[in-house]
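Raw contents of final06.txt, compact mmCIF, C-alpha atoms (C1' of nucleotides):
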```
# COMPACT_ATOMS: atom_id res chain seq x y z
CA MET A 291 0.00 0.00 0.00
CA LYS A 292 1.23 3.42 -0.92
CA ILE A 293 -0.41 6.53 0.34
CA ALA A 294 -1.86 8.68 -2.39
CA LEU A 295 -0.92 12.16 -1.43
CA SER A 296 0.58 13.23 -4.71
CA ASN A 297 -1.82 16.13 -4.98
CA PHE A 298 -1.38 17.24 -1.43
CA ASP A 299 -0.50 20.90 -1.73
CA LYS A 300 1.90 22.61 0.65
CA ALA A 301 0.22 25.91 -0.12
CA PHE A 302 -2.87 24.64 1.67
CA GLU A 303 -1.13 23.16 4.67
CA ASN A 304 -1.70 26.34 6.60
CA ARG A 305 -5.10 26.84 8.22
CA ILE A 306 -5.51 30.46 7.15
CA ARG A 307 -4.61 29.80 3.51
CA LEU A 308 -7.01 26.87 3.53
CA GLN A 309 -9.75 29.13 4.84
CA ILE A 310 -8.98 31.85 2.33
CA MET A 311 -9.18 29.42 -0.59
CA SER A 312 -12.35 27.92 0.78
CA VAL A 313 -13.95 31.36 0.98
CA LEU A 314 -12.75 32.35 -2.46
CA VAL A 315 -13.95 29.12 -4.04
CA ALA A 316 -17.36 29.49 -2.42
CA ASN A 317 -17.67 33.17 -3.24
CA ASP A 318 -17.03 35.00 -6.49
CA SER A 319 -14.77 37.45 -4.74
CA TYR A 320 -13.97 38.76 -1.30
CA ASP A 321 -12.24 41.93 -0.21
CA PHE A 322 -9.35 42.43 2.13
CA ASN A 323 -11.18 43.84 5.09
CA SER A 324 -14.04 41.35 4.92
CA LEU A 325 -11.55 38.50 4.86
CA LYS A 326 -9.68 40.03 7.73
CA GLU A 327 -12.82 40.24 9.82
CA LEU A 328 -14.05 36.80 8.80
CA LEU A 329 -10.83 35.05 9.61
CA ASP A 330 -9.98 37.23 12.58
CA VAL A 331 -6.36 37.78 11.67
CA THR A 332 -4.10 40.80 11.68
CA ASP A 333 -3.80 42.64 8.41
CA GLY A 334 -0.12 41.87 8.12
CA ASN A 335 -0.69 38.19 8.59
CA LEU A 336 -3.55 38.15 6.10
CA ALA A 337 -1.53 40.08 3.55
CA SER A 338 1.34 37.62 3.77
CA HIS A 339 -0.90 34.59 3.29
CA LEU A 340 -2.68 36.27 0.38
CA LYS A 341 0.67 37.01 -1.15
CA ALA A 342 1.72 33.39 -0.80
CA LEU A 343 -1.42 32.29 -2.65
CA GLU A 344 -0.87 34.99 -5.24
CA LYS A 345 2.70 33.81 -5.75
CA GLU A 346 1.32 30.34 -6.54
CA GLU A 347 -1.10 32.04 -8.93
CA TYR A 348 -3.99 30.53 -7.01
CA ILE A 349 -5.72 33.86 -6.55
CA THR A 350 -5.99 37.07 -8.51
CA VAL A 351 -6.12 40.56 -7.13
CA ASN A 352 -8.21 43.45 -8.23
CA LYS A 353 -7.62 46.92 -6.87
CA SER A 354 -10.22 49.60 -7.26
CA PHE A 355 -11.95 52.35 -5.33
CA LEU A 356 -15.26 51.95 -3.61
CA GLY A 357 -16.44 55.48 -3.30
CA ARG A 358 -13.20 57.17 -2.33
CA LYS A 359 -11.71 54.30 -0.40
CA PRO A 360 -9.31 51.81 -1.87
CA ASN A 361 -10.77 48.33 -2.13
CA THR A 362 -8.77 45.22 -2.90
CA ARG A 363 -10.76 42.23 -4.02
CA TYR A 364 -9.45 38.69 -4.29
CA MET A 365 -10.68 35.91 -6.55
CA ALA A 366 -9.70 32.26 -6.85
CA SER A 367 -8.05 31.64 -10.22
CA VAL A 368 -8.83 28.67 -12.44
CA LYS A 369 -5.48 27.24 -11.44
CA GLY A 370 -6.27 27.87 -7.79
CA ILE A 371 -9.68 26.22 -7.94
CA SER A 372 -8.16 23.23 -9.68
CA ALA A 373 -5.34 22.93 -7.17
CA PHE A 374 -7.77 23.30 -4.27
CA LYS A 375 -10.03 20.58 -5.63
CA LYS A 376 -7.08 18.27 -6.16
CA HIS A 377 -5.98 18.93 -2.64
CA LEU A 378 -9.41 18.06 -1.30
CA GLU A 379 -9.52 14.90 -3.41
CA SER A 380 -6.14 14.02 -2.03
CA LEU A 381 -7.52 14.42 1.48
CA GLU A 382 -10.54 12.32 0.59
CA ASN A 383 -8.33 9.57 -0.77
CA LEU A 384 -6.28 9.69 2.37
CA ILE A 385 -9.39 9.31 4.46
CA LYS A 386 -10.91 6.56 2.37
CA GLN A 387 -7.75 4.51 2.13
CA GLN A 388 -8.41 0.83 2.40
CA LYS A 389 -6.92 -1.43 4.98
CA SER A 390 -3.73 -3.23 4.13
CA MET B 179 -21.07 34.16 7.89
CA LYS B 180 -18.53 32.73 10.26
CA ILE B 181 -16.19 29.97 9.25
CA ALA B 182 -16.67 26.82 11.27
CA LEU B 183 -13.18 25.67 12.02
CA SER B 184 -13.55 25.20 15.74
CA ASN B 185 -12.55 21.57 15.48
CA PHE B 186 -9.63 22.20 13.21
CA ASP B 187 -6.73 20.55 14.96
CA LYS B 188 -3.22 21.95 14.87
CA ALA B 189 -1.86 18.48 15.52
CA PHE B 190 -3.10 17.47 12.06
CA GLU B 191 -1.86 20.52 10.21
CA ASN B 192 1.31 18.71 9.26
CA ARG B 193 1.17 16.37 6.27
CA ILE B 194 3.10 13.56 7.93
CA ARG B 195 1.02 13.58 11.09
CA LEU B 196 -2.10 13.60 8.96
CA GLN B 197 -0.82 10.57 7.08
CA ILE B 198 0.14 8.76 10.26
CA MET B 199 -3.30 9.25 11.76
CA SER B 200 -4.95 8.21 8.54
CA VAL B 201 -2.94 4.99 8.49
CA LEU B 202 -3.58 4.28 12.15
CA VAL B 203 -7.30 4.91 11.83
CA ALA B 204 -7.52 2.63 8.81
CA ASN B 205 -5.37 -0.09 10.34
CA ASP B 206 -5.49 -1.68 13.75
CA SER B 207 -1.82 -0.99 14.26
CA TYR B 208 1.31 -0.19 12.34
CA ASP B 209 4.93 -0.53 13.30
CA PHE B 210 7.73 1.99 13.15
CA ASN B 211 9.62 0.61 10.20
CA SER B 212 6.53 0.02 8.10
CA LEU B 213 5.40 3.56 8.72
CA LYS B 214 8.84 4.84 7.88
CA GLU B 215 8.83 3.00 4.59
CA LEU B 216 5.25 3.88 3.78
CA LEU B 217 5.68 7.57 4.40
CA ASP B 218 9.23 7.74 3.10
CA VAL B 219 10.61 9.81 5.93
CA THR B 220 13.76 9.63 8.01
CA ASP B 221 13.50 7.78 11.28
CA GLY B 222 14.24 10.89 13.30
CA ASN B 223 11.52 12.84 11.58
CA LEU B 224 9.02 10.04 11.99
CA ALA B 225 9.90 9.60 15.64
CA SER B 226 9.34 13.28 16.34
CA HIS B 227 5.93 13.33 14.65
CA LEU B 228 4.91 10.16 16.45
CA LYS B 229 5.99 11.72 19.69
CA ALA B 230 3.91 14.82 18.97
CA LEU B 231 0.85 12.63 18.43
CA GLU B 232 1.67 10.63 21.53
CA LYS B 233 1.94 13.84 23.54
CA GLU B 234 -1.59 14.72 22.45
CA GLU B 235 -2.61 11.20 23.49
CA TYR B 236 -3.83 10.56 19.97
CA ILE B 237 -1.81 7.37 19.61
CA THR B 238 -0.61 4.65 21.91
CA VAL B 239 2.67 2.80 21.73
CA ASN B 240 3.38 -0.84 22.27
CA LYS B 241 6.91 -2.13 22.46
CA SER B 242 7.62 -5.79 22.07
CA PHE B 243 9.91 -8.22 20.33
CA LEU B 244 9.14 -9.88 17.05
CA GLY B 245 11.35 -12.89 17.09
CA ARG B 246 14.47 -11.28 18.51
CA LYS B 247 14.10 -7.84 17.06
CA PRO B 248 12.49 -4.95 18.86
CA ASN B 249 9.20 -3.94 17.36
CA THR B 250 7.31 -0.76 18.20
CA ARG B 251 3.68 -0.71 17.19
CA TYR B 252 1.47 2.33 17.14
CA MET B 253 -2.30 2.47 17.47
CA ALA B 254 -4.76 5.32 17.25
CA SER B 255 -6.39 5.94 20.63
CA VAL B 256 -10.09 6.54 21.12
CA LYS B 257 -9.25 10.17 21.75
CA GLY B 258 -7.15 10.27 18.60
CA ILE B 259 -9.82 8.71 16.42
CA SER B 260 -12.37 11.16 17.79
CA ALA B 261 -10.10 14.15 17.23
CA PHE B 262 -9.25 12.96 13.73
CA LYS B 263 -12.89 12.57 12.83
CA LYS B 264 -13.71 16.00 14.18
CA HIS B 265 -10.87 17.41 12.16
CA LEU B 266 -12.19 15.78 9.01
CA GLU B 267 -15.69 17.05 9.74
CA SER B 268 -14.23 20.45 10.20
CA LEU B 269 -12.60 20.19 6.78
CA GLU B 270 -15.86 18.99 5.27
CA ASN B 271 -17.73 21.91 6.76
CA LEU B 272 -15.13 24.22 5.39
CA ILE B 273 -15.55 22.75 1.96
CA LYS B 274 -19.33 22.72 2.03
CA GLN B 275 -19.69 26.24 3.33
CA GLN B 276 -22.52 28.08 1.71
CA LYS B 277 -22.19 31.29 -0.21
CA SER B 278 -22.75 34.51 1.66
C1' DG C 45 34.99 -12.17 19.61
C1' DT C 46 34.94 -8.34 16.83
C1' DA C 47 32.69 -5.95 13.35
C1' DA C 48 28.65 -4.69 10.96
C1' DA C 49 23.80 -4.09 10.88
C1' DG C 50 19.13 -3.25 12.68
C1' DT C 51 15.65 -0.83 15.73
C1' DA C 52 14.10 3.13 17.66
C1' DC C 53 15.03 6.58 19.17
C1' DT C 54 17.47 11.64 20.98
C1' DT C 55 20.23 15.49 20.04
C1' DT C 56 21.98 19.04 17.22
C1' DG C 57 21.99 22.53 13.98
C1' DT C 58 19.87 24.96 10.52
C1' DA C 59 16.30 26.50 7.52
C1' DA C 60 11.59 27.60 6.90
C1' DT C 61 7.35 29.23 8.61
C1' DG C 62 4.13 31.94 11.33
C1' DC C 63 2.93 35.76 13.71
C1' DA C 64 2.20 40.33 16.05
C1' DA C 65 3.55 44.73 16.01
C1' DA C 66 5.35 48.58 14.00
C1' DG C 67 6.21 51.18 10.03
C1' DT C 68 4.70 53.06 5.43
C1' DA C 69 2.24 55.50 1.61
C1' DA C 70 -1.53 57.45 -0.31
C1' DC C 71 -5.65 59.45 0.21
C1' DA C 72 -9.91 61.18 3.15
C1' DT C 73 -12.17 63.40 6.55
C1' DA C 74 -12.65 66.62 10.63
C1' DT D 37 -3.08 70.29 10.85
C1' DA D 38 -4.03 66.03 12.54
C1' DT D 39 -6.34 61.90 12.70
C1' DG D 40 -8.31 57.87 10.25
C1' DT D 41 -8.50 54.23 6.68
C1' DT D 42 -6.72 50.77 3.43
C1' DA D 43 -3.49 47.67 2.28
C1' DC D 44 0.20 46.62 2.64
C1' DT D 45 5.90 45.80 3.97
C1' DT D 46 9.35 45.25 7.31
C1' DT D 47 11.14 43.69 11.55
C1' DG D 48 12.01 40.59 15.03
C1' DC D 49 11.07 36.75 17.47
C1' DA D 50 9.17 32.19 18.44
C1' DT D 51 7.83 27.88 16.72
C1' DT D 52 8.23 24.13 13.62
C1' DA D 53 10.40 20.95 10.40
C1' DC D 54 13.92 18.46 8.89
C1' DA D 55 18.31 15.87 7.88
C1' DA D 56 22.11 14.19 9.85
C1' DA D 57 24.63 12.55 13.47
C1' DG D 58 24.85 10.35 17.72
C1' DT D 59 23.18 6.69 21.09
C1' DA D 60 21.97 2.21 23.33
C1' DC D 61 20.92 -2.15 22.87
C1' DT D 62 20.72 -6.30 20.40
C1' DT D 63 21.54 -9.60 16.59
C1' DT D 64 23.99 -11.59 12.91
C1' DA D 65 28.06 -12.37 10.07
C1' DC D 66 32.71 -13.62 9.70
```
Represent the structure from my file as structure tokens, please.
Amino acid sequence: MKIALSNFDKAFENRIRLQIMSVLVANDSYDFNSLKELLDVTDGNLASHLKALEKEEYITVNKSFLGRKPNTRYMASVKGISAFKKHLESLENLIKQQKS
Amino acid sequence: MKIALSNFDKAFENRIRLQIMSVLVANDSYDFNSLKELLDVTDGNLASHLKALEKEEYITVNKSFLGRKPNTRYMASVKGISAFKKHLESLENLIKQQKS
DNA sequence: GTAAAGTACTTTGTAATGCAAAGTAACATA
DNA sequence: TATGTTACTTTGCATTACAAAGTACTTTAC
């Protein structure tokens, strides 16, 4: 028996990044401050995790102004959604592994 | 919307510990060397992750001799199985979260 | 009987990661 | 002028992860 974890993704090993991706897959987009409130993290911490996901090209960023305030919105990319799904499948396989 | 990750368990955030628990939940017991081979990790690394799980009382250890060689077998504890299941439920909830 | 090998670690050292807090820039409002 | 807001970046420290080396005890090979 070999454990099928080939699609296990290091980018999702962290709880906050996992939550971010989950939110972005379930929602069309989410902005910085809403994410910050939802996940209850400091802005610096959130920014660094978002950047890590951006570096992997798992999310895309859209900066605009809402009224006169800057608003940064994040979206899961096609690549990100795919990687996230593979990661979840990988977890499922891990869970459903048969006895040896 | 609040994200339900109350049962997300730091002990299972690491890939190797997640694999170990998965193996021990799926199998009655597993010994050190088999785990080492299965997970393809160094013995030191494996020992430290096993110890972390033992510290949480998620696994139990049984030392004996197989023939004349020492054999250390690991089993998931009731507490460990429960925590693992809660962790998986937590992941499921995360995945199934509804749109806001 | 001495050397080599196996089991299951512990220790060591280093690199990577995670985090809060502070700092920053650009603009807005009072 | 000064205070607030957004969305960061930087800093510094603590935790974690890991390979590699070391250890103790035993067995097997020569």
Should the cut-off be 8 Å, what would the residue list for chain A against chain C look like, counting only C-alpha atoms (C1' of nucleotides), as a list of chain:residue names?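 Matching residues, ligands excluded from the count: A:Thr332, A:Asn335, A:Arg358, A:Lys359.
Distance check against chain D using all atoms listed in the file: of B:Val203, B:Val239, B:Leu224, B:Leu216, the minimum falls on B:Leu224.
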Could you write out as a list in words the residues of chain D within 9 Å of chain A, counting all atoms listed in the file?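 On the chain D side, the interface is DT41, DT42, DA43, DC44 and DT45 of chain D.
Protein, DNA and RNA residues at most 10 Å from (-8.1, 30.1, 4.6), with only C-alpha atoms (C1' of nucleotides), are these: Phe302, Glu303, Asn304, Arg305, Ile306, Arg307, Leu308, Gln309, Ile310, Met311, Ser312, Val313, Leu314, Leu325, Leu328, Leu329, Leu336, His339 and Leu340 of chain A; Ile181 and Leu272 of chain B.
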Take the residues that were just selected and, keeping C-alpha atoms, output them as a CSV table (one decimal), in the frame of the given file.
```csv
chain,number,residue,atom,x,y,z
A,302,PHE,CA,-2.9,24.6,1.7
A,303,GLU,CA,-1.1,23.2,4.7
A,304,ASN,CA,-1.7,26.3,6.6
A,305,ARG,CA,-5.1,26.8,8.2
A,306,ILE,CA,-5.5,30.5,7.2
A,307,ARG,CA,-4.6,29.8,3.5
A,308,LEU,CA,-7.0,26.9,3.5
A,309,GLN,CA,-9.8,29.1,4.8
A,310,ILE,CA,-9.0,31.8,2.3
A,311,MET,CA,-9.2,29.4,-0.6
A,312,SER,CA,-12.4,27.9,0.8
A,313,VAL,CA,-14.0,31.4,1.0
A,314,LEU,CA,-12.8,32.4,-2.5
A,325,LEU,CA,-11.6,38.5,4.9
A,328,LEU,CA,-14.0,36.8,8.8
A,329,LEU,CA,-10.8,35.0,9.6
A,336,LEU,CA,-3.6,38.2,6.1
A,339,HIS,CA,-0.9,34.6,3.3
A,340,LEU,CA,-2.7,36.3,0.4
B,181,ILE,CA,-16.2,30.0,9.2
B,272,LEU,CA,-15.1,24.2,5.4
```
Which of these residues is nearest to chain B, using all atoms listed in the file: A:Lys353, A:Lys369, A:Lys386, A:Lys376?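 Of the candidates, the smallest distance to chain B is held by A:Lys386.
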Among the residues A:Ala373, A:Leu378, A:Ala366, A:Leu343, the one that comes closest to chain B [using only C-alpha atoms]: A:Leu378
Could you fit chain A onto chain B with a least-squares superposition over all C-alpha atoms, matched one to one in order, and give me the transformed chain as a short mmCIF file (atom, residue, chain, number, x, y, z; two decimals) with C-alpha atoms, keeping the file's coordinate frame?
```cif
data_model
loop_
_atom_site.label_atom_id
_atom_site.label_comp_id
_atom_site.auth_asym_id
_atom_site.auth_seq_id
_atom_site.Cartn_x
_atom_site.Cartn_y
_atom_site.Cartn_z
CA MET A 291 -21.06 34.16 7.99
CA LYS A 292 -18.53 32.72 10.35
CA ILE A 293 -16.21 29.97 9.33
CA ALA A 294 -16.68 26.80 11.31
CA LEU A 295 -13.21 25.64 12.04
CA SER A 296 -13.58 25.15 15.75
CA ASN A 297 -12.54 21.53 15.47
CA PHE A 298 -9.63 22.20 13.22
CA ASP A 299 -6.73 20.52 14.96
CA LYS A 300 -3.22 21.93 14.86
CA ALA A 301 -1.87 18.45 15.49
CA PHE A 302 -3.09 17.47 12.03
CA GLU A 303 -1.86 20.52 10.19
CA ASN A 304 1.30 18.72 9.25
CA ARG A 305 1.18 16.37 6.26
CA ILE A 306 3.11 13.55 7.90
CA ARG A 307 1.02 13.57 11.08
CA LEU A 308 -2.10 13.59 8.94
CA GLN A 309 -0.82 10.57 7.05
CA ILE A 310 0.14 8.75 10.22
CA MET A 311 -3.31 9.25 11.74
CA SER A 312 -4.96 8.22 8.51
CA VAL A 313 -2.95 5.00 8.45
CA LEU A 314 -3.59 4.29 12.10
CA VAL A 315 -7.31 4.92 11.80
CA ALA A 316 -7.54 2.65 8.77
CA ASN A 317 -5.38 -0.07 10.28
CA ASP A 318 -5.52 -1.65 13.71
CA SER A 319 -1.85 -0.98 14.25
CA TYR A 320 1.29 -0.20 12.33
CA ASP A 321 4.92 -0.55 13.29
CA PHE A 322 7.72 1.95 13.15
CA ASN A 323 9.62 0.60 10.21
CA SER A 324 6.53 -0.04 8.09
CA LEU A 325 5.39 3.52 8.69
CA LYS A 326 8.83 4.79 7.87
CA GLU A 327 8.84 2.95 4.57
CA LEU A 328 5.25 3.86 3.74
CA LEU A 329 5.69 7.53 4.36
CA ASP A 330 9.25 7.68 3.08
CA VAL A 331 10.62 9.75 5.92
CA THR A 332 13.77 9.58 7.99
CA ASP A 333 13.49 7.73 11.26
CA GLY A 334 14.25 10.83 13.27
CA ASN A 335 11.55 12.79 11.55
CA LEU A 336 9.02 9.99 11.96
CA ALA A 337 9.89 9.56 15.62
CA SER A 338 9.34 13.25 16.31
CA HIS A 339 5.94 13.31 14.62
CA LEU A 340 4.90 10.13 16.43
CA LYS A 341 5.97 11.70 19.67
CA ALA A 342 3.90 14.79 18.94
CA LEU A 343 0.83 12.62 18.39
CA GLU A 344 1.65 10.62 21.50
CA LYS A 345 1.94 13.83 23.51
CA GLU A 346 -1.61 14.70 22.41
CA GLU A 347 -2.61 11.19 23.46
CA TYR A 348 -3.86 10.54 19.95
CA ILE A 349 -1.84 7.36 19.58
CA THR A 350 -0.63 4.64 21.89
CA VAL A 351 2.64 2.80 21.71
CA ASN A 352 3.34 -0.82 22.26
CA LYS A 353 6.88 -2.11 22.48
CA SER A 354 7.61 -5.78 22.13
CA PHE A 355 9.99 -8.18 20.43
CA LEU A 356 9.29 -9.88 17.16
CA GLY A 357 11.59 -12.81 17.27
CA ARG A 358 14.67 -11.18 18.73
CA LYS A 359 14.18 -7.77 17.21
CA PRO A 360 12.51 -4.90 18.98
CA ASN A 361 9.21 -3.93 17.41
CA THR A 362 7.30 -0.78 18.23
CA ARG A 363 3.68 -0.74 17.20
CA TYR A 364 1.45 2.31 17.13
CA MET A 365 -2.32 2.45 17.47
CA ALA A 366 -4.79 5.32 17.21
CA SER A 367 -6.40 5.94 20.60
CA VAL A 368 -10.11 6.54 21.10
CA LYS A 369 -9.28 10.17 21.72
CA GLY A 370 -7.16 10.26 18.58
CA ILE A 371 -9.84 8.71 16.38
CA SER A 372 -12.38 11.16 17.75
CA ALA A 373 -10.11 14.14 17.21
CA PHE A 374 -9.25 12.96 13.70
CA LYS A 375 -12.91 12.57 12.78
CA LYS A 376 -13.71 16.00 14.15
CA HIS A 377 -10.89 17.43 12.15
CA LEU A 378 -12.19 15.82 8.98
CA GLU A 379 -15.71 17.06 9.71
CA SER A 380 -14.25 20.48 10.20
CA LEU A 381 -12.62 20.24 6.79
CA GLU A 382 -15.87 19.04 5.26
CA ASN A 383 -17.75 21.95 6.76
CA LEU A 384 -15.14 24.30 5.43
CA ILE A 385 -15.55 22.84 1.98
CA LYS A 386 -19.32 22.80 2.03
CA GLN A 387 -19.70 26.31 3.36
CA GLN A 388 -22.54 28.15 1.76
CA LYS A 389 -22.22 31.38 -0.11
CA SER A 390 -22.73 34.58 1.79
#
```
How many Å separate atom CA of A:Val331 from atom CA of A:Phe298? 24.9 Å
Box for stretch 67-74 of chain C: with edges along x, y and z, all listed atoms inside and 3 Å added on each side, what are the centre and edge lengths in Å to one decimal, as lines of an AutoDock Vina configuration file?
```
center_x = -3.2
center_y = 58.9
center_z = 5.2
size_x = 24.9
size_y = 21.4
size_z = 16.9
```
What gap, in Å, lies between atom CA of A:Lys300 and atom CA of B:Asp187?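 Separating atom CA of A:Lys300 from atom CA of B:Asp187 is a distance of 16.8 Å.
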Residue nearest chain B among A:Ala301, A:His377, A:Ile385, A:Tyr320 (counting all atoms listed in the file): A:Ile385
Writing all heavy atoms and nothing else, produce stretch 302-311 of chain A as a compact mmCIF listing (two decimals), in the first residue's frame.
```txt
# COMPACT_ATOMS: atom_id res chain seq x y z
N PHE A 302 -1.63 24.73 0.89
CA PHE A 302 -2.87 24.64 1.67
C PHE A 302 -2.65 23.97 3.02
O PHE A 302 -3.59 23.58 3.68
CB PHE A 302 -3.95 23.87 0.88
CG PHE A 302 -4.26 24.47 -0.45
CD1 PHE A 302 -4.38 23.67 -1.58
CD2 PHE A 302 -4.43 25.84 -0.60
CE1 PHE A 302 -4.67 24.22 -2.82
CE2 PHE A 302 -4.71 26.41 -1.83
CZ PHE A 302 -4.83 25.59 -2.94
N GLU A 303 -1.40 23.82 3.39
CA GLU A 303 -1.13 23.16 4.67
C GLU A 303 -1.45 24.10 5.84
O GLU A 303 -1.77 23.65 6.93
CB GLU A 303 0.34 22.72 4.73
CG GLU A 303 0.61 21.68 5.81
CD GLU A 303 1.82 20.80 5.51
OE1 GLU A 303 2.45 21.00 4.45
OE2 GLU A 303 2.14 19.95 6.31
N ASN A 304 -1.40 25.37 5.57
CA ASN A 304 -1.70 26.34 6.60
C ASN A 304 -3.21 26.61 6.71
O ASN A 304 -3.91 26.73 5.71
CB ASN A 304 -0.95 27.64 6.29
CG ASN A 304 -1.31 28.74 7.25
OD1 ASN A 304 -2.30 29.44 7.04
ND2 ASN A 304 -0.52 28.89 8.29
N ARG A 305 -3.68 26.69 7.94
CA ARG A 305 -5.10 26.84 8.22
C ARG A 305 -5.69 28.10 7.57
O ARG A 305 -6.77 28.04 6.96
CB ARG A 305 -5.31 26.95 9.73
CG ARG A 305 -6.71 26.70 10.21
CD ARG A 305 -6.86 27.04 11.68
NE ARG A 305 -7.46 28.37 11.87
CZ ARG A 305 -6.79 29.45 12.22
NH1 ARG A 305 -5.50 29.39 12.45
NH2 ARG A 305 -7.43 30.61 12.36
N ILE A 306 -4.99 29.19 7.68
CA ILE A 306 -5.51 30.46 7.15
C ILE A 306 -5.60 30.43 5.63
O ILE A 306 -6.58 30.86 5.04
CB ILE A 306 -4.65 31.64 7.66
CG1 ILE A 306 -4.82 31.76 9.17
CG2 ILE A 306 -5.05 32.93 6.97
CD1 ILE A 306 -3.85 32.72 9.82
N ARG A 307 -4.57 29.87 4.98
CA ARG A 307 -4.61 29.80 3.51
C ARG A 307 -5.72 28.85 3.06
O ARG A 307 -6.37 29.07 2.04
CB ARG A 307 -3.24 29.36 2.97
CG ARG A 307 -2.18 30.44 3.11
CD ARG A 307 -0.94 30.15 2.27
NE ARG A 307 -0.28 28.92 2.64
CZ ARG A 307 0.66 28.83 3.59
NH1 ARG A 307 1.04 29.90 4.25
NH2 ARG A 307 1.22 27.68 3.86
N LEU A 308 -5.92 27.80 3.82
CA LEU A 308 -7.01 26.87 3.53
C LEU A 308 -8.35 27.58 3.63
O LEU A 308 -9.23 27.41 2.77
CB LEU A 308 -6.93 25.71 4.52
CG LEU A 308 -7.70 24.42 4.22
CD1 LEU A 308 -7.22 23.80 2.92
CD2 LEU A 308 -7.50 23.42 5.37
N GLN A 309 -8.51 28.38 4.66
CA GLN A 309 -9.75 29.13 4.84
C GLN A 309 -9.94 30.16 3.73
O GLN A 309 -11.05 30.30 3.20
CB GLN A 309 -9.72 29.86 6.20
CG GLN A 309 -9.89 28.94 7.39
CD GLN A 309 -9.80 29.70 8.70
OE1 GLN A 309 -8.88 30.47 8.93
NE2 GLN A 309 -10.77 29.49 9.58
N ILE A 310 -8.89 30.85 3.40
CA ILE A 310 -8.98 31.85 2.33
C ILE A 310 -9.46 31.20 1.04
O ILE A 310 -10.40 31.67 0.40
CB ILE A 310 -7.61 32.53 2.08
CG1 ILE A 310 -7.20 33.40 3.28
CG2 ILE A 310 -7.66 33.38 0.80
CD1 ILE A 310 -5.75 33.90 3.21
N MET A 311 -8.81 30.10 0.66
CA MET A 311 -9.18 29.42 -0.59
C MET A 311 -10.62 28.93 -0.52
O MET A 311 -11.37 29.03 -1.51
CB MET A 311 -8.24 28.25 -0.87
CG MET A 311 -6.95 28.63 -1.54
SD MET A 311 -7.15 29.67 -3.02
CE MET A 311 -7.82 28.48 -4.19
```
